[in-house]
$ cat my_file.txt   # compact mmCIF, C-alpha atoms and all ligand atoms
# COMPACT_ATOMS: atom_id res chain seq x y z
CA MET A 49 48.54 -2.74 22.20
CA LYS A 50 51.64 -1.47 23.93
CA ILE A 51 55.19 -2.40 22.95
CA ILE A 52 57.89 -1.40 25.42
CA ARG A 53 61.34 -1.08 23.91
CA ASP A 54 64.82 -1.15 25.34
CA GLU A 55 66.04 2.43 25.50
CA ALA A 56 69.57 1.53 24.49
CA ASN A 57 68.98 -0.58 21.37
CA GLY A 58 65.28 -0.04 20.54
CA GLU A 59 64.56 -3.77 20.77
CA ALA A 60 61.04 -4.72 21.91
CA VAL A 61 61.17 -6.24 25.39
CA ARG A 62 57.55 -6.36 26.56
CA ILE A 63 54.17 -6.50 24.84
CA ASN A 64 50.75 -5.92 26.35
CA MET A 65 47.83 -6.74 24.12
CA ARG A 66 44.28 -8.08 24.07
CA LYS A 67 44.03 -11.78 24.71
CA PRO A 68 44.05 -13.47 21.29
CA TYR A 69 41.62 -15.91 19.68
CA ASP A 70 42.82 -19.08 17.96
CA MET A 71 40.52 -19.54 14.98
CA HIS A 72 41.69 -23.11 14.20
CA GLN A 73 42.41 -25.50 17.03
CA HIS A 74 42.34 -29.30 17.41
CA LEU A 75 41.68 -29.91 21.07
CA ARG A 76 41.00 -33.63 20.51
CA ARG A 77 39.28 -35.61 23.27
CA ASP A 78 40.01 -37.63 26.40
CA ALA A 79 43.62 -37.58 27.61
CA MET A 80 44.84 -35.36 24.75
CA LEU A 81 42.08 -32.83 25.47
CA LYS A 82 43.14 -32.68 29.11
CA LEU A 83 46.73 -32.06 28.04
CA VAL A 84 46.00 -29.42 25.41
CA ALA A 85 43.00 -27.45 26.74
CA PRO A 86 44.94 -25.74 29.58
CA MET A 87 47.72 -24.73 27.14
CA VAL A 88 45.16 -23.10 24.87
CA ALA A 89 43.01 -21.51 27.59
CA ARG A 90 46.07 -19.86 29.15
CA ARG A 91 46.96 -18.14 25.89
CA PHE A 92 43.65 -17.57 24.13
CA ALA A 93 40.31 -16.00 25.08
CA GLY A 94 38.60 -18.51 22.82
CA ALA A 95 39.23 -20.91 19.99
CA VAL A 96 37.39 -22.34 17.02
CA ILE A 97 37.33 -26.06 17.75
CA MET A 98 37.78 -28.42 14.82
CA PRO A 99 35.21 -31.22 14.53
CA ASN A 100 37.38 -34.05 13.09
CA THR A 101 37.48 -35.97 16.33
CA VAL A 102 36.86 -39.70 16.58
CA PRO A 103 33.93 -39.95 15.98
CA PRO A 104 33.51 -36.68 14.09
CA ILE A 105 31.15 -33.96 15.34
CA THR A 106 28.37 -34.28 12.81
CA THR A 107 25.29 -33.05 14.69
CA ALA A 108 24.52 -30.01 16.80
CA GLU A 109 23.80 -32.32 19.72
CA MET A 110 27.32 -33.79 19.51
CA ALA A 111 28.81 -30.31 19.33
CA TRP A 112 27.11 -29.25 22.56
CA ARG A 113 28.26 -32.40 24.33
CA TYR A 114 31.82 -31.88 23.11
CA GLN A 115 31.65 -28.29 24.32
CA GLU A 116 30.78 -29.55 27.81
CA GLU A 117 33.70 -32.00 27.73
CA ILE A 118 35.99 -29.11 26.83
CA ALA A 119 34.64 -26.94 29.63
CA GLU A 120 35.57 -29.67 32.11
CA ALA A 121 39.09 -30.06 30.74
CA TRP A 122 40.71 -26.85 31.87
CA ASP A 123 41.24 -25.25 35.21
CA LEU A 124 38.87 -22.34 35.59
CA ASN A 125 41.55 -20.49 37.55
CA ILE A 126 43.30 -19.90 34.24
CA GLY A 127 40.51 -17.53 33.25
CA SER A 128 37.54 -17.61 30.96
CA PHE A 129 37.81 -19.49 27.70
CA GLU A 130 35.22 -19.69 24.96
CA PRO A 131 35.15 -22.87 22.85
CA LEU A 132 33.57 -21.91 19.52
CA MET A 133 32.15 -25.06 18.04
CA THR A 134 31.97 -26.20 14.42
CA LEU A 135 30.11 -29.01 12.71
CA TYR A 136 31.71 -31.43 10.30
CA LEU A 137 30.22 -30.99 6.83
CA THR A 138 29.30 -34.45 5.57
CA ASP A 139 27.15 -35.50 2.63
CA MET A 140 24.53 -36.38 5.25
CA LEU A 141 24.52 -33.21 7.38
CA GLU A 142 20.93 -31.98 7.54
CA PRO A 143 20.41 -28.34 6.58
CA ARG A 144 17.93 -28.23 9.49
CA GLU A 145 20.80 -28.78 11.94
CA VAL A 146 22.15 -25.44 10.86
CA ALA A 147 18.89 -23.62 10.18
CA LEU A 148 17.20 -24.47 13.47
CA ARG A 149 19.96 -24.98 15.96
CA PHE A 150 22.83 -22.68 15.16
CA ALA A 151 21.01 -19.48 16.01
CA LYS A 152 20.81 -20.12 19.74
CA ARG A 153 24.19 -21.57 20.62
CA THR A 154 27.86 -20.92 20.22
CA ALA A 155 28.47 -22.81 16.98
CA VAL A 156 30.21 -20.53 14.56
CA GLY A 157 30.26 -22.54 11.38
CA VAL A 158 30.69 -25.70 9.40
CA LYS A 159 34.01 -27.24 8.39
CA TYR A 160 34.56 -28.65 4.93
CA TYR A 161 37.03 -31.53 4.63
CA PRO A 162 37.89 -32.93 1.22
CA ARG A 163 37.35 -36.65 1.70
CA GLY A 164 40.52 -38.62 2.35
CA LEU A 165 42.95 -35.71 2.00
CA THR A 166 43.74 -34.90 5.61
CA THR A 167 43.62 -36.36 9.10
CA GLY A 168 40.11 -37.50 10.05
CA SER A 169 38.60 -36.59 6.70
CA ASP A 170 36.97 -39.93 5.84
CA SER A 171 33.50 -38.52 6.49
CA GLY A 172 34.15 -35.45 4.31
CA VAL A 173 32.20 -34.35 1.27
CA LYS A 174 32.85 -36.74 -1.60
CA ASP A 175 32.31 -34.39 -4.51
CA PRO A 176 33.29 -30.71 -4.06
CA ALA A 177 30.74 -29.83 -6.79
CA SER A 178 27.95 -30.57 -4.31
CA LEU A 179 28.93 -27.33 -2.55
CA TRP A 180 27.58 -25.33 -5.49
CA THR A 181 25.07 -27.77 -7.00
CA LYS A 182 21.47 -26.97 -6.11
CA GLY A 183 19.49 -29.78 -4.55
CA THR A 184 22.40 -31.46 -2.75
CA LYS A 185 22.52 -31.44 1.03
CA PRO A 186 25.88 -29.62 1.27
CA TYR A 187 24.49 -26.87 -0.98
CA GLU A 188 21.43 -26.45 1.26
CA VAL A 189 23.62 -26.46 4.38
CA LEU A 190 25.65 -23.60 2.92
CA ARG A 191 22.46 -21.67 2.16
CA ALA A 192 21.28 -22.15 5.74
CA LEU A 193 24.71 -21.04 6.99
CA ALA A 194 24.52 -17.85 4.94
CA GLU A 195 21.06 -17.11 6.35
CA GLN A 196 22.44 -17.50 9.87
CA ASN A 197 25.46 -15.35 8.99
CA LYS A 198 27.76 -18.19 10.10
CA VAL A 199 31.02 -19.23 8.48
CA LEU A 200 32.05 -21.95 6.04
CA LEU A 201 35.54 -23.06 7.07
CA LEU A 202 37.42 -24.60 4.19
CA HIS A 203 40.21 -27.10 4.16
CA ALA A 204 41.12 -25.79 0.74
CA ALA A 205 42.39 -28.85 -1.08
CA ASP A 206 41.28 -30.87 -4.07
CA GLY A 207 42.25 -34.50 -4.50
CA LEU A 208 41.64 -34.79 -8.23
CA ASP A 209 42.31 -32.50 -11.16
CA THR A 210 39.63 -31.59 -13.70
CA TYR A 211 40.44 -34.78 -15.68
CA GLY A 212 39.95 -36.96 -12.62
CA ASP A 213 43.68 -37.65 -12.11
CA GLU A 214 45.17 -37.62 -8.63
CA LEU A 215 46.85 -34.32 -7.78
CA ASP A 216 50.32 -33.96 -6.34
CA PRO A 217 49.99 -32.94 -2.65
CA TYR A 218 51.90 -29.72 -3.36
CA GLU A 219 49.23 -28.81 -5.96
CA GLN A 220 46.09 -29.58 -3.92
CA GLU A 221 45.51 -26.11 -2.47
CA LYS A 222 46.41 -24.26 -5.67
CA HIS A 223 43.91 -26.39 -7.56
CA PHE A 224 41.17 -25.75 -5.03
CA ILE A 225 41.80 -21.99 -5.01
CA GLU A 226 41.71 -21.77 -8.78
CA ASN A 227 39.07 -24.36 -9.67
CA THR A 228 36.76 -24.91 -6.70
CA LEU A 229 36.65 -21.80 -4.52
CA PRO A 230 35.35 -19.45 -7.28
CA TYR A 231 32.33 -21.73 -7.82
CA ILE A 232 31.50 -21.74 -4.10
CA ILE A 233 31.73 -17.96 -3.91
CA ASP A 234 29.57 -17.55 -7.03
CA ALA A 235 26.90 -19.92 -5.76
CA HIS A 236 26.76 -18.37 -2.26
CA PRO A 237 27.49 -14.66 -2.63
CA THR A 238 26.36 -13.74 0.91
CA LEU A 239 28.12 -16.63 2.70
CA LYS A 240 31.11 -15.87 4.93
CA ILE A 241 34.02 -18.09 3.89
CA SER A 242 37.26 -18.69 5.78
CA VAL A 243 40.09 -20.40 3.95
CA GLU A 244 41.78 -22.24 6.78
CA HIS A 245 45.57 -22.46 7.21
CA LEU A 246 46.39 -20.83 3.88
CA SER A 247 49.65 -22.31 2.63
CA THR A 248 50.38 -21.22 -0.95
CA LYS A 249 51.26 -18.10 -2.91
CA GLU A 250 48.24 -18.71 -5.15
CA GLY A 251 46.04 -18.70 -2.05
CA ALA A 252 47.68 -15.53 -0.74
CA GLU A 253 47.16 -13.83 -4.09
CA PHE A 254 43.48 -14.83 -4.28
CA VAL A 255 42.58 -13.87 -0.73
CA GLY A 256 44.67 -10.69 -0.98
CA LYS A 257 42.64 -9.70 -4.05
CA TYR A 258 39.13 -10.80 -3.11
CA GLY A 259 39.29 -10.79 0.71
CA GLY A 260 36.85 -8.65 2.69
CA LYS A 261 33.78 -9.03 4.87
CA ARG A 262 32.79 -12.29 3.13
CA LEU A 263 36.17 -13.91 2.48
CA GLY A 264 39.21 -14.23 4.70
CA CYS A 265 41.88 -16.67 5.79
CA SER A 266 43.80 -17.89 8.78
CA LEU A 267 47.57 -18.30 8.83
CA THR A 268 49.41 -20.80 11.01
CA ALA A 269 52.66 -19.96 12.74
CA HIS A 270 54.34 -23.01 11.19
CA HIS A 271 53.54 -22.01 7.60
CA LEU A 272 55.08 -18.61 8.38
CA MET A 273 58.11 -20.11 10.13
CA ILE A 274 59.27 -23.06 8.06
CA ASP A 275 59.36 -24.18 4.45
CA ARG A 276 60.04 -27.40 2.60
CA ARG A 277 63.81 -27.12 3.12
CA ASP A 278 63.28 -27.44 6.88
CA VAL A 279 61.06 -30.49 6.51
CA PHE A 280 63.65 -32.40 4.45
CA ARG A 281 66.93 -31.08 5.85
CA GLY A 282 69.08 -34.16 6.48
CA GLY A 283 66.05 -36.45 6.06
CA PHE A 284 62.28 -36.27 6.56
CA HIS A 285 61.10 -34.66 9.81
CA PRO A 286 57.77 -36.19 10.86
CA HIS A 287 57.21 -33.52 13.51
CA MET A 288 57.13 -30.89 10.78
CA HIS A 289 54.53 -32.68 8.69
CA TRP A 290 51.07 -31.16 8.43
CA TRP A 291 48.19 -31.02 6.01
CA PRO A 292 48.23 -28.69 4.16
CA ILE A 293 51.78 -29.64 3.39
CA ILE A 294 54.68 -27.28 4.13
CA GLN A 295 55.38 -25.65 0.78
CA PRO A 296 58.65 -24.38 -0.79
CA GLN A 297 60.15 -21.09 0.36
CA GLU A 298 58.43 -18.79 -2.17
CA HIS A 299 55.06 -19.73 -0.67
CA LYS A 300 56.23 -18.96 2.85
CA GLU A 301 57.41 -15.56 1.59
CA ALA A 302 54.00 -14.88 -0.01
CA LEU A 303 52.25 -15.69 3.28
CA ARG A 304 54.67 -13.41 5.13
CA ASP A 305 53.91 -10.63 2.63
CA LEU A 306 50.19 -11.08 3.21
CA ALA A 307 50.71 -10.83 6.97
CA ARG A 308 52.88 -7.74 6.42
CA GLU A 309 50.12 -6.03 4.47
CA GLY A 310 47.96 -6.63 7.52
CA PRO A 311 44.47 -6.63 5.99
CA PRO A 312 41.49 -7.15 8.37
CA PHE A 313 40.57 -10.42 6.64
CA VAL A 314 43.75 -12.29 7.67
CA TRP A 315 43.97 -13.75 11.17
CA LEU A 316 45.52 -16.26 13.55
CA GLY A 317 44.53 -19.94 13.30
CA SER A 318 47.23 -22.15 14.77
CA ASP A 319 46.13 -25.57 13.50
CA SER A 320 47.78 -27.08 16.53
CA ALA A 321 47.05 -30.75 15.85
CA PRO A 322 48.68 -33.12 18.36
CA HIS A 323 49.19 -36.84 17.83
CA PRO A 324 50.85 -39.45 20.02
CA ILE A 325 54.29 -40.40 18.79
CA GLY A 326 53.04 -43.78 17.55
CA LYS A 327 51.04 -42.02 14.83
CA LYS A 328 53.99 -39.88 13.75
CA GLU A 329 57.04 -42.12 13.84
CA THR A 330 55.54 -45.06 12.04
CA ARG A 331 55.02 -46.68 8.63
CA CYS A 332 52.74 -43.84 7.48
CA CYS A 333 53.29 -40.54 9.31
CA ILE A 334 49.99 -38.78 9.96
CA GLY A 335 49.67 -35.01 9.38
CA GLY A 336 49.54 -32.59 12.33
CA VAL A 337 51.82 -31.48 15.17
CA LEU A 338 51.25 -29.88 18.59
CA THR A 339 51.93 -26.13 18.66
CA ALA A 340 49.59 -25.12 21.51
CA HIS A 341 52.50 -25.28 24.02
CA ALA A 342 53.74 -22.00 22.48
CA GLY A 343 50.55 -21.05 20.65
CA ILE A 344 51.05 -17.27 20.77
CA GLU A 345 54.81 -17.24 21.38
CA PHE A 346 55.61 -18.76 17.95
CA TYR A 347 53.62 -16.02 16.23
CA THR A 348 55.33 -13.35 18.31
CA ASP A 349 58.74 -14.73 17.32
CA VAL A 350 57.97 -14.80 13.61
CA PHE A 351 56.16 -11.43 13.57
CA GLU A 352 59.23 -9.90 15.15
CA GLU A 353 61.51 -11.71 12.70
CA ILE A 354 59.66 -10.25 9.72
CA GLY A 355 59.35 -6.79 11.27
CA ILE A 356 55.61 -6.56 11.98
CA LEU A 357 55.36 -6.88 15.75
CA ASP A 358 53.07 -3.83 15.75
CA LYS A 359 50.52 -5.85 13.72
CA LEU A 360 50.42 -8.80 16.13
CA GLU A 361 47.39 -7.70 18.16
CA GLN A 362 45.20 -6.86 15.18
CA PHE A 363 46.06 -10.20 13.55
CA SER A 364 45.77 -12.33 16.70
CA SER A 365 43.06 -10.72 18.76
CA VAL A 366 40.79 -8.62 16.53
CA ASN A 367 40.56 -9.78 12.90
CA GLY A 368 39.45 -13.38 13.47
CA PRO A 369 36.73 -12.82 16.08
CA SER A 370 35.45 -9.76 14.17
CA PHE A 371 34.99 -11.76 10.97
CA PHE A 372 33.17 -14.49 12.90
CA GLY A 373 30.91 -11.92 14.59
CA ILE A 374 32.46 -12.23 18.04
CA GLU A 375 33.44 -9.38 20.30
CA PRO A 376 37.27 -9.31 20.73
CA SER A 377 38.40 -10.05 24.29
CA LYS A 378 38.75 -7.30 26.87
CA GLU A 379 41.33 -9.33 28.80
CA GLN A 380 45.01 -8.59 28.31
CA ILE A 381 48.09 -10.77 28.02
CA THR A 382 51.72 -9.84 28.53
CA LEU A 383 54.64 -11.24 26.58
CA VAL A 384 58.24 -10.58 27.57
CA ARG A 385 61.49 -11.07 25.74
CA GLU A 386 62.88 -13.98 27.70
CA GLU A 387 64.33 -17.02 26.01
CA TRP A 388 63.01 -20.42 27.04
CA LYS A 389 63.70 -23.88 25.73
CA ILE A 390 61.09 -26.44 24.71
CA GLU A 391 62.84 -29.08 26.73
CA LYS A 392 60.65 -32.14 27.01
CA PRO A 393 57.98 -34.07 25.19
CA PHE A 394 54.54 -34.29 26.76
CA PHE A 395 52.82 -37.51 27.75
CA VAL A 396 49.27 -38.81 27.38
CA ALA A 397 47.66 -42.06 28.47
CA LYS A 398 47.99 -44.64 25.73
CA LEU A 399 44.55 -45.55 24.43
CA GLY A 400 43.43 -49.14 24.96
CA THR A 401 46.07 -49.91 27.62
CA PRO A 402 46.13 -49.75 31.44
CA LEU A 403 46.12 -46.15 32.68
CA SER A 404 49.75 -46.35 33.76
CA LYS A 405 50.88 -46.68 30.13
CA THR A 406 51.65 -43.38 28.52
CA GLU A 407 52.81 -42.23 25.14
CA GLU A 408 54.90 -39.25 24.12
CA VAL A 409 53.52 -36.26 22.25
CA ILE A 410 56.35 -34.44 20.50
CA PRO A 411 55.80 -30.68 20.47
CA PHE A 412 56.79 -28.53 17.50
CA ARG A 413 60.39 -27.29 17.86
CA LEU A 414 61.31 -29.69 20.65
CA GLY A 415 64.80 -28.87 21.92
CA GLU A 416 64.75 -25.39 20.41
CA THR A 417 64.57 -21.95 21.97
CA VAL A 418 61.62 -19.56 21.86
CA ARG A 419 62.44 -15.85 22.16
CA TRP A 420 59.17 -14.60 23.66
CA LYS A 421 57.55 -15.83 26.84
CA LEU A 422 53.95 -15.44 28.02
CA LEU A 423 53.74 -14.12 31.58
ZN ZN A 501 43.34 -28.42 11.15

$ encode --input "my_file.txt" --output "structure tokens" --more "lines below"
Ligand SMILES: [Zn+2]
Amino acid sequence: MKIIRDEANGEAVRINMRKPYDMHQHLRRDAMLKLVAPMVARRFAGAVIMPNTVPPITTAEMAWRYQEEIAEAWDLNIGSFEPLMTLYLTDMLEPREVALRFAKRTAVGVKYYPRGLTTGSDSGVKDPASLWTKGTKPYEVLRALAEQNKVLLLHAADGLDTYGDELDPYEQEKHFIENTLPYIIDAHPTLKISVEHLSTKEGAEFVGKYGGKRLGCSLTAHHLMIDRRDVFRGGFHPHMHWWPIIQPQEHKEALRDLAREGPPFVWLGSDSAPHPIGKKETRCCIGGVLTAHAGIEFYTDVFEEIGILDKLEQFSSVNGPSFFGIEPSKEQITLVREEWKIEKPFFVAKLGTPLSKTEEVIPFRLGETVRWKLL
């Protein structure tokens, strides 16, 4: 990594670094896939593709077909791009799918969704205890994963407390970290576990303490950039609403501290999760926002803001792929200090209507200025 600084004021003006990997990306399908894939492929050497599409990716066969769809969705002139597939962990997923079929192909792991707690999680595991209870299918899937040295990707949230009462959304991750994750780790000591889009100080503390070759986490740019004050300033901002929820300031600070420490088990996972405007500005605003339009630039901005620009390459381009057993990219990207404005929404064809009908997709930070620009 090379940072070139202005001789007069010492300010960084140009960065050359290895092309990053996005370890958590919702490419979606159809029109949205065609919109998003080129944004991602331009910025990232590869991405871990989330399986909560409609329908969800629940078999190896579906994952390979989805991978082909993705390959067709970006312009090869942009450069090579490696879609790293995941399977959706359901109560029905056959351990054989993992044991027999993962070894040969590019699938990197299985994604756990707590049922009903996030977008597209209806097929998720009903009872988290099945992850550590012998004889259940999820338990056997995790054993097969460990044998293949693949990764369990966790949406770390519980819906119910230990008495069976519904948890407050701001408590879901904390509860999972303290009450569910230790059981999974105990039951599968050789399994590689990635806590996805870590969002709380309790999570940062746990991963900071126990992280290593078997446990790590991804951080999103938005959880590092904004906190609950931003989401509710002057009213509720639907285009700042994600699962896991944007926590109060102290949690953002804890995530920033974890990034500052720069351990090898903390990496980039953007959780760019686009929705058409009709799903956001409506009776019940769905979680997830597009960030792929500035997928590496947002991180560069916030890493500079918190004084750790020198750690950007390790975090973005090395730590994630290394944990997942993938060679970091040999390609380079260049970022320059040049302000640009996110001026317009994007458009996708509106599903179920004539092709001429389109719908807006509001990108994160629409109307605002980004300090770093990808060349
Ligand atoms: Zn996600």

$ residues_near_ligand --input "my_file.txt" --ligand "ligand ZN 501 (chain A)" --cutoff "7 Å" --atoms "all atoms listed in the file" --output "list in words"
His72, Gln73, His74, Met98, Asp319 and Ala321 of chain A

$ residues_near_point --input "my_file.txt" --point "(39.4, -34.9, 34.9)" --cutoff "8 Å" --atoms "all atoms listed in the file" --output "list in words"
Lys82, Glu120 and Ala121 of chain A

$ atom_distance --input "my_file.txt" --atom1 "CA of Ile233 (chain A)" --atom2 "CA of Ile293 (chain A)"
24.3 Å

$ residues_near_point --input "my_file.txt" --point "(60.0, -35.5, 6.0)" --cutoff "12 Å" --atoms "all atoms listed in the file" --output "PyMOL selection string"
chain A and resi 275-290+293-294+328-329+332-335

$ residues_around --input "my_file.txt" --residues "Leu246 (chain A)" --least-positions-apart "2" --cutoff "10 Å" --atoms "only C-alpha atoms" --output "PyMOL selection string"
chain A and resi 202-204+221+242-244+248-252+255+264-268+271+292+299+303+314+317

$ write_last_selection --input "my_file.txt" --atoms "C-alpha atoms" --output "JSON list (two decimals), in the frame of the given file"
[["chain", "number", "residue", "atom", "x", "y", "z"],
["A", 202, "LEU", "CA", 37.42, -24.60, 4.19],
["A", 203, "HIS", "CA", 40.21, -27.10, 4.16],
["A", 204, "ALA", "CA", 41.12, -25.79, 0.74],
["A", 221, "GLU", "CA", 45.51, -26.11, -2.47],
["A", 242, "SER", "CA", 37.26, -18.69, 5.78],
["A", 243, "VAL", "CA", 40.09, -20.40, 3.95],
["A", 244, "GLU", "CA", 41.78, -22.24, 6.78],
["A", 248, "THR", "CA", 50.38, -21.22, -0.95],
["A", 249, "LYS", "CA", 51.26, -18.10, -2.91],
["A", 250, "GLU", "CA", 48.24, -18.71, -5.15],
["A", 251, "GLY", "CA", 46.04, -18.70, -2.05],
["A", 252, "ALA", "CA", 47.68, -15.53, -0.74],
["A", 255, "VAL", "CA", 42.58, -13.87, -0.73],
["A", 264, "GLY", "CA", 39.21, -14.23, 4.70],
["A", 265, "CYS", "CA", 41.88, -16.67, 5.79],
["A", 266, "SER", "CA", 43.80, -17.89, 8.78],
["A", 267, "LEU", "CA", 47.57, -18.30, 8.83],
["A", 268, "THR", "CA", 49.41, -20.80, 11.01],
["A", 271, "HIS", "CA", 53.54, -22.01, 7.60],
["A", 292, "PRO", "CA", 48.23, -28.69, 4.16],
["A", 299, "HIS", "CA", 55.06, -19.73, -0.67],
["A", 303, "LEU", "CA", 52.25, -15.69, 3.28],
["A", 314, "VAL", "CA", 43.75, -12.29, 7.67],
["A", 317, "GLY", "CA", 44.53, -19.94, 13.30]]

$ closest_residue --input "my_file.txt" --among "A:Arg91, A:Lys67, A:Lys392, A:Lys359" --to "Glu408 (chain A)" --atoms "all atoms listed in the file"
A:Lys392

$ atom_distance --input "my_file.txt" --atom1 "CA of Arg62 (chain A)" --atom2 "CA of Val350 (chain A)"
15.5 Å

$ residues_around --input "my_file.txt" --residues "Thr339 (chain A)" --least-positions-apart "6" --cutoff "7 Å" --atoms "only C-alpha atoms" --output "list in words"
Ser320, Pro411 and Phe412 of chain A

$ residues_around --input "my_file.txt" --residues "Phe371 (chain A)" --least-positions-apart "6" --cutoff "10 Å" --atoms "only C-alpha atoms" --output "MDAnalysis selection string"
chainID A and resid 198:199 240:242 260:265 312:315

$ atom_distance --input "my_file.txt" --atom1 "CA of Glu59 (chain A)" --atom2 "CA of Val366 (chain A)"
24.6 Å

$ residues_around --input "my_file.txt" --residues "Gly168 (chain A)" --least-positions-apart "3" --cutoff "9 Å" --atoms "only C-alpha atoms" --output "JSON, numbers by chain"
{"A": [100, 101, 102, 103, 104, 161, 163, 164, 165, 171, 172]}

$ closest_residue --input "my_file.txt" --among "A:Leu272, A:Ala192, A:Ile390, A:Val409" --to "Tyr347 (chain A)" --atoms "all atoms listed in the file"
A:Leu272

$ residues_around --input "my_file.txt" --residues "region 129-133 of chain A" --least-positions-apart "2" --cutoff "8 Å" --atoms "all atoms listed in the file" --output "VMD selection string"
chain A and resid 89 92 to 99 111 to 112 115 118 to 119 127 135 154 to 157

$ closest_residue --input "my_file.txt" --among "A:Pro311, A:Pro68, A:Pro393, A:Gly207" --to "His341 (chain A)" --atoms "all atoms listed in the file"
A:Pro393

$ closest_residue --input "my_file.txt" --among "A:Lys300, A:Arg308, A:Arg385, A:Arg191" --to "Asp349 (chain A)" --atoms "only C-alpha atoms"
A:Arg385

$ closest_residue --input "my_file.txt" --among "A:Asp234, A:Glu345, A:Asp358, A:Asp213" --to "Ile381 (chain A)" --atoms "only C-alpha atoms"
A:Glu345
